[in-house]
Amino acid sequence: MLSANVFAQEFDLTKLRAGAGLVYATEIDNIGINLNGAYSITEEWEASLGFSHIFEKDYVRYNVLDLDAHYVFYQHDEKLNVYGLAGLGFTFWKATIPAME
């Protein structure tokens with residue numbers, strides 16, 4: 001059996017916001033970078049995704065993935081809105097143990 005599917009969907013870039021920045025991890029006392037974006041599904045609902053990478057220090061590094069949903073209660077203009085937030089955050093870490101000589 002062979003199946004082929006093609007999907008087309010309109011994507012409105014005016015509903016998309018993206019950003020980047022620096023973060024500070026208090027657990028290992030180090031900085032990292034953050035990438036995030038939000039998409040307006042409707043006037044009230046938004047979904048956002050964030051990823052943070054904390055640079056290695058003392059053989060440990062962290063990655064954090066945030067998945068959020070926003071419900072906009074009030075939006076005065078593009079610069080001011082009030083929203084509720086619910087989400088999940090996943091933290092991944094890796095420790096590298098140096099070889100003993």
# chains A, B, ... in the order shown; residues from 1 in each chain; ligands from 1

$ residues_around --residues "A:Tyr83" --least-positions-apart "3" --cutoff "12 Å" --atoms "only C-alpha atoms" --output "PyMOL selection string"
chain A and resi 43-47+68-76+80+86

$ select_by_dssp --residues "stretch 27-97 of chain A" --states "strand (DSSP E)" --output "ChimeraX atom specification"
/A:30-40,45-57,60-77,80-95

$ residues_around --residues "A:Trp93" --least-positions-apart "2" --cutoff "8 Å" --atoms "only C-alpha atoms" --output "PyMOL selection string"
chain A and resi 60-63+91+95

$ closest_residue --among "A:Gly37, A:Ile31, A:Leu22, A:Asp66" --to "A:Gly87" --atoms "only C-alpha atoms"
A:Asp66

$ closest_residue --among "A:Asn30, A:Asn36, A:Thr96, A:Thr14" --to "A:Ser48" --atoms "only C-alpha atoms"
A:Asn36

$ atom_distance --atom1 "atom CA of A:Val64" --atom2 "atom CA of A:Gly19"
15.7 Å

$ closest_residue --among "A:Arg17, A:Glu56, A:Asn81, A:Leu65" --to "A:Asn34" --atoms "only C-alpha atoms"
A:Leu65
